[in-house]
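Worksheet: one structure, shown below.
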Amino acid sequence: RILMSGTPIKNKVMEFYDQLSLVEPTYCTKSEYSSLYNHCEINMNKHEVIPEVLKVLNDNIKDIFLRRTKDQVLTDLPPKAFQVLRQDVKVKLNKDLKGLQFITHAKKTLSTAKLKDLYKLIDDHMENNQKVIVFSQYVDNIKAVLNKYDSSVAHYGEVSIEDRAKNVKKFQEDPSVNILVGNISTAVGYTATSASVVIFLDLPWTIADLKQAEDRAHRISQEKHVTIQYIIAKDSIEEKILKLLQSKEKLMKAVLDGKITEESLDIKNELLNLL
């Protein structure tokens with residue numbers, strides 16, 4: 001049996017089990033796999049890394065799992081550059097909301113408050129004749145960008161699949177169309193390599209969704225250097241979300257590559273701190 005996946009783990013290590021069980025049904029039971037991973041999680045809640053636990057997991061799968069990263073197989077692909085653009089953002093938040101309601105409210109409010117920063121960034125790139133992809137999770141903000149720029153096209157849920165494909169084709173081929181505005185949740189299954197810049201107005205919770213969106217521009221046929229820009233409200237919940245995503249990415253790499261570090265991979269506590 002051969003199973004191919006570009007995203008073997010999307011958000012948590014337990015997701016990997018279903019793929020392993022398809023390739024090797026006798027590998028182990030789900031409860032056994034869960035027991036190993038949960039032991040790691042419990043210790044992470046104590047602000048510890050248990051390198052031997054992740055190493056055992058990686059050692060156990062290495063005979064049935066072959067991983068090839070993009071930089072190994074696409075050696076001519078220019079590298080991605082990353083920029084975290086921290087902005088001073090003043091907003092008034094509803095302190096009566098609690099827990100996840102407050103987080104959802106804060107994320108949307110901060111995203112909208114950064115539109116002026118986004119416009120300035122887009123204008124700078126357009127002056128340099130660069131094509132840009134803009135991602136947001138919020139339809140209102142996507143529509144705001146589309147309304148401001150006549151040279152933009154849309155790729156999000158309210159646009160039909162057929163029109164999304166037509167818009168991507170325009171973005172790729174038409175010199176007068178230089179902005180593709182999309183929703184992170186629909187950022188799969190298309191190529192937009194005419195862009196050299198990808199801007200995130202806000203961030204998702206899932207590291208795989210973030211990477212999938214980034215790689216609409218950074219993929220086969222790309223000849224330019226690609227810059228990924230995250231617009232982050234300084235000293236806000238967005239700083240913590242970015243840190244959470246970075247922690248998740250470290251954990252995924254630790255499991256898949258066996259490259260265990262002594263840095264904390266404290267994912268659960270990061271989420272608890274947000275709440």
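By convention in this document, the chains of the structure tokens carry letters A, B, ... by their order, each chain's residues are numbered from 1, and ligands are numbered from 1 in the order they are shown.
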
Problem set entry | Test item, alpha helix (DSSP H) assignment across stretch 141-220 of chain A, answer as a ChimeraX atom specification | /A:141-148,161-173,207-214

Quick one: which stretch 178-261 of chain A residues come within 10 Å of stretch 106-110 of chain A, and what is the nearest atom pair for each with the distance in Å to one decimal, counting only C-alpha atoms, rows ordered by chain and ascending number, as a tab-separated table?
```
residue	atom	partner	partner_atom	distance
A:Leu201	CA	A:Leu110	CA	9.3
A:Asp202	CA	A:Lys107	CA	7.6
A:Leu203	CA	A:Lys107	CA	8.7
A:Pro204	CA	A:Lys107	CA	9.9
A:Ile232	CA	A:Leu110	CA	8.8
A:Ala233	CA	A:Leu110	CA	6.9
A:Ser236	CA	A:Leu110	CA	8.7
A:Ile237	CA	A:Lys107	CA	7.6
A:Glu238	CA	A:Lys107	CA	7.3
A:Ile241	CA	A:Lys107	CA	9.8
```

Writing out the chosen residues with C-alpha atoms as a PDB file, in the first residue's frame:
```pdb
ATOM      1  CA  LEU A 201      -4.042  40.418   7.367  1.00  0.00           C
ATOM      2  CA  ASP A 202      -4.858  37.905  10.121  1.00  0.00           C
ATOM      3  CA  LEU A 203      -3.760  34.393  11.076  1.00  0.00           C
ATOM      4  CA  PRO A 204      -5.555  31.035  11.219  1.00  0.00           C
ATOM      5  CA  ILE A 232       0.533  41.709  13.492  1.00  0.00           C
ATOM      6  CA  ALA A 233      -1.003  44.070  16.025  1.00  0.00           C
ATOM      7  CA  SER A 236      -2.004  41.861  21.240  1.00  0.00           C
ATOM      8  CA  ILE A 237      -3.524  38.407  21.088  1.00  0.00           C
ATOM      9  CA  GLU A 238      -2.117  38.152  17.556  1.00  0.00           C
ATOM     10  CA  ILE A 241      -1.423  33.275  18.016  1.00  0.00           C
TER      11      ILE A 241
END
```

For this session: For A:Thr186, please output as a PyMOL selection string all residues within 7 Å (counting only C-alpha atoms; exclusion window: fewer than 3 positions along the same chain).
Result: chain A and resi 156-157+183

DSSP says strand (DSSP E or B) for which residues of stretch 186-227 of chain A? Put them as a compact mmCIF listing (two decimals) with N, CA and C atoms, in the first residue's frame?
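Listed below is the output, result-v2.txt:
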```
# COMPACT_ATOMS: atom_id res chain seq x y z
N VAL A 197 4.65 38.29 -3.53
CA VAL A 197 4.39 38.69 -2.14
C VAL A 197 3.07 38.06 -1.69
N VAL A 198 3.07 37.50 -0.48
CA VAL A 198 1.84 36.97 0.13
C VAL A 198 1.68 37.67 1.47
N ILE A 199 0.53 38.35 1.66
CA ILE A 199 0.29 39.12 2.88
C ILE A 199 -0.87 38.51 3.66
N PHE A 200 -0.67 38.32 4.96
CA PHE A 200 -1.73 37.84 5.84
C PHE A 200 -2.20 39.00 6.72
N VAL A 226 9.91 34.76 -3.10
CA VAL A 226 8.60 35.03 -2.53
C VAL A 226 8.76 35.54 -1.10
N THR A 227 8.10 36.64 -0.80
CA THR A 227 8.13 37.21 0.55
C THR A 227 6.77 37.00 1.21
```

For this session: Find the residues near A:Lys211: any atom within 10 Å, counting only C-alpha atoms, skip ones fewer than 5 places away on the same chain, and give them as a count of residues only.
Result: 8

Problem set entry | For A:Thr193: contacts at 9 Å, only C-alpha atoms, fewer than 2 positions along chain excluded, given as a list in words | Gln172, Thr191, Ala195, Ser196, Asp215, Arg216, Ala217, His218, Arg219, Ile220, Ser221, Gln222, Glu223 and Lys224 of chain A

Residues of stretch 205-252 of chain A that have any atom at most 12 Å from an atom of stretch 136-140 of chain A: could you tabulate them with the shortest-distance atom pair and the distance in Å to one decimal, using only C-alpha atoms, ordered by chain and increasing number, as CSV?
```
residue,atom,partner,partner_atom,distance
A:Trp205,CA,A:Gln137,CA,10.6
A:Asp209,CA,A:Gln137,CA,11.1
A:Leu210,CA,A:Ser136,CA,10.8
A:Ala213,CA,A:Ser136,CA,10.3
A:Tyr230,CA,A:Ser136,CA,10.8
A:Ile231,CA,A:Ser136,CA,10.8
```

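Going from atom CA of A:Phe135 to atom CA of A:Val153 covers 12.2 Å.
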
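Of the listed residues A:Lys169, A:Met14, A:Thr104, A:Lys98, the one whose atoms come nearest to A:Glu32 is A:Met14, with distances taken using only C-alpha atoms.
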
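The closest residue to A:Cys28, picked from A:Leu57, A:Val13, A:Ile103, A:Val177 and counting only C-alpha atoms, is A:Leu57.
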
Exercise. How many Å lie between atom CA of A:Lys248 and atom CA of A:Ile9, rounded to one decimal?
Worked result: 10.3 Å

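Across A:Val159, A:Ile207, A:Tyr149, A:Met126, the tightest approach to A:Ser247 is made by A:Ile207 when counting only C-alpha atoms.
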
Near stretch 66-71 of chain A, within 10 Å and counting only C-alpha atoms, which residues show up once chain neighbours fewer than 4 positions away are dropped, as a PDB file with N, CA and C atoms, in the first residue's frame?
```
ATOM      1  N   MET A   4       0.030   8.839  -0.325  1.00  0.00           N
ATOM      2  CA  MET A   4       0.767  10.080  -0.549  1.00  0.00           C
ATOM      3  C   MET A   4      -0.005  11.243   0.051  1.00  0.00           C
ATOM      4  N   SER A   5       0.720  12.123   0.719  1.00  0.00           N
ATOM      5  CA  SER A   5       0.087  13.292   1.331  1.00  0.00           C
ATOM      6  C   SER A   5       1.077  14.438   1.383  1.00  0.00           C
ATOM      7  N   GLY A   6       0.574  15.624   1.045  1.00  0.00           N
ATOM      8  CA  GLY A   6       1.399  16.817   1.200  1.00  0.00           C
ATOM      9  C   GLY A   6       1.302  17.400   2.590  1.00  0.00           C
ATOM     10  N   PRO A   8       0.756  15.489   6.005  1.00  0.00           N
ATOM     11  CA  PRO A   8       0.478  14.321   6.841  1.00  0.00           C
ATOM     12  C   PRO A   8      -0.089  14.669   8.212  1.00  0.00           C
ATOM     13  N   ILE A  61       8.127   4.933  13.065  1.00  0.00           N
ATOM     14  CA  ILE A  61       7.485   5.139  11.758  1.00  0.00           C
ATOM     15  C   ILE A  61       8.490   5.240  10.614  1.00  0.00           C
ATOM     16  N   LYS A  62       9.781   5.281  10.914  1.00  0.00           N
ATOM     17  CA  LYS A  62      10.746   5.583   9.858  1.00  0.00           C
ATOM     18  C   LYS A  62      10.820   4.504   8.781  1.00  0.00           C
ATOM     19  N   THR A  75      14.915  21.882  -6.040  1.00  0.00           N
ATOM     20  CA  THR A  75      16.162  22.573  -5.694  1.00  0.00           C
ATOM     21  C   THR A  75      16.317  23.907  -6.405  1.00  0.00           C
ATOM     22  N   ASP A  76      15.595  24.109  -7.502  1.00  0.00           N
ATOM     23  CA  ASP A  76      15.680  25.380  -8.227  1.00  0.00           C
ATOM     24  C   ASP A  76      14.662  26.407  -7.728  1.00  0.00           C
ATOM     25  N   LEU A  77      13.807  26.012  -6.802  1.00  0.00           N
ATOM     26  CA  LEU A  77      12.783  26.927  -6.307  1.00  0.00           C
ATOM     27  C   LEU A  77      13.413  27.963  -5.376  1.00  0.00           C
ATOM     28  N   PRO A  78      13.246  29.253  -5.685  1.00  0.00           N
ATOM     29  CA  PRO A  78      13.811  30.275  -4.797  1.00  0.00           C
ATOM     30  C   PRO A  78      13.207  30.161  -3.395  1.00  0.00           C
ATOM     31  N   PRO A  79      13.963  30.520  -2.381  1.00  0.00           N
ATOM     32  CA  PRO A  79      13.475  30.378  -1.007  1.00  0.00           C
ATOM     33  C   PRO A  79      12.402  31.400  -0.649  1.00  0.00           C
ATOM     34  N   HIS A 218       4.424  29.995  -3.661  1.00  0.00           N
ATOM     35  CA  HIS A 218       5.735  29.336  -3.554  1.00  0.00           C
ATOM     36  C   HIS A 218       5.605  27.862  -3.924  1.00  0.00           C
ATOM     37  N   ARG A 219       5.689  27.586  -5.227  1.00  0.00           N
ATOM     38  CA  ARG A 219       5.491  26.223  -5.714  1.00  0.00           C
ATOM     39  C   ARG A 219       6.135  26.079  -7.090  1.00  0.00           C
ATOM     40  N   ILE A 220       5.977  24.902  -7.684  1.00  0.00           N
ATOM     41  CA  ILE A 220       6.559  24.630  -9.000  1.00  0.00           C
ATOM     42  C   ILE A 220       6.175  25.735  -9.988  1.00  0.00           C
ATOM     43  N   LEU A 256       7.780  14.321  12.499  1.00  0.00           N
ATOM     44  CA  LEU A 256       7.998  13.837  11.136  1.00  0.00           C
ATOM     45  C   LEU A 256       9.469  13.688  10.791  1.00  0.00           C
ATOM     46  N   ASP A 257      10.300  14.597  11.288  1.00  0.00           N
ATOM     47  CA  ASP A 257      11.713  14.589  10.933  1.00  0.00           C
ATOM     48  C   ASP A 257      12.605  13.990  12.010  1.00  0.00           C
TER      49      ASP A 257
END
```

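Distances to A:Pro25 were evaluated for A:Lys243, A:His105, A:Arg1, A:Lys12 using only C-alpha atoms, and the minimum falls at A:Arg1.
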
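Atom CA of A:Ser21 to atom CA of A:Asp59 spans 16.2 Å [interatomic distance, one decimal].
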